[in-house]
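Heads up: the structure comes next, in structure tokens.
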Amino acid sequence: MEFTVGAILEGKVKTITKFGAFIALPEGKSGLVHISEIAYSYVSEVREFLTEGQDVKVQILSIDPAGRINLSIKRAQPRPQSQGNGRPQAAARPQSRPQSAPKPAPRASAMPMGEVLQTSGDRAFEDKLKAFMSESDSKIAGCRQYERKTKSRRR
């Protein structure tokens, strides 16, 4: 059997780790499902979702030159319906901690210059990522500038 990217296969959970689970595939092959590819909801503990010996349906995400196979359980299933707030419905799992209060809106100083804070939740992921990257780049530049100053004093 030829393993191709995008193929959906049946496998069995062989080993569970902190970062994901190793899945036994046909023909004696195995692959890794990273913790981020287990469910559409947040996964803090892999054992809340999977058990060793469990049969699972997986999709092949990639096969690297070394022959390692990266898998996804969530992409082999249909995406859950939205609850109306733009987020996918959480998968049924035991609640190990109480639901926390909503996080406060970011401070105005944390927002990039000229950007208006949107509280309606309509802001796209890409916009949030751009804001994060911009802020991160400026912090890294500040750290590098500080590092250059301290290195020149040590000589």
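Chain labels run A, B, ... following the order of the structure tokens; each chain numbers its residues from 1, and ligands are numbered from 1 in the order shown.
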(request) For range 5-19 of chain A, work out the shell of residues within 10 Å, counting only C-alpha atoms and skipping chain neighbours fewer than 2 positions away, then give it as a VMD selection string. (result) chain A and resid 2 to 3 21 to 26 29 to 36 44 to 47 50 to 63 69 to 73 75 to 77
(request) DSSP on the backbone, then: every residue of range 12-95 of chain A marked helix (DSSP H, G or I), written as number ranges by chain. (result) A: 26-28, 35-37, 46-48, 74-76
(message) Report, in Å with one decimal, the straight-line distance from CA of Phe49 in chain A to CA of Glu27 in chain A.
(response) 25.5 Å
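If you look at CA of Cys143 in chain A and CA of Leu129 in chain A, they are 20.8 Å away from each other.
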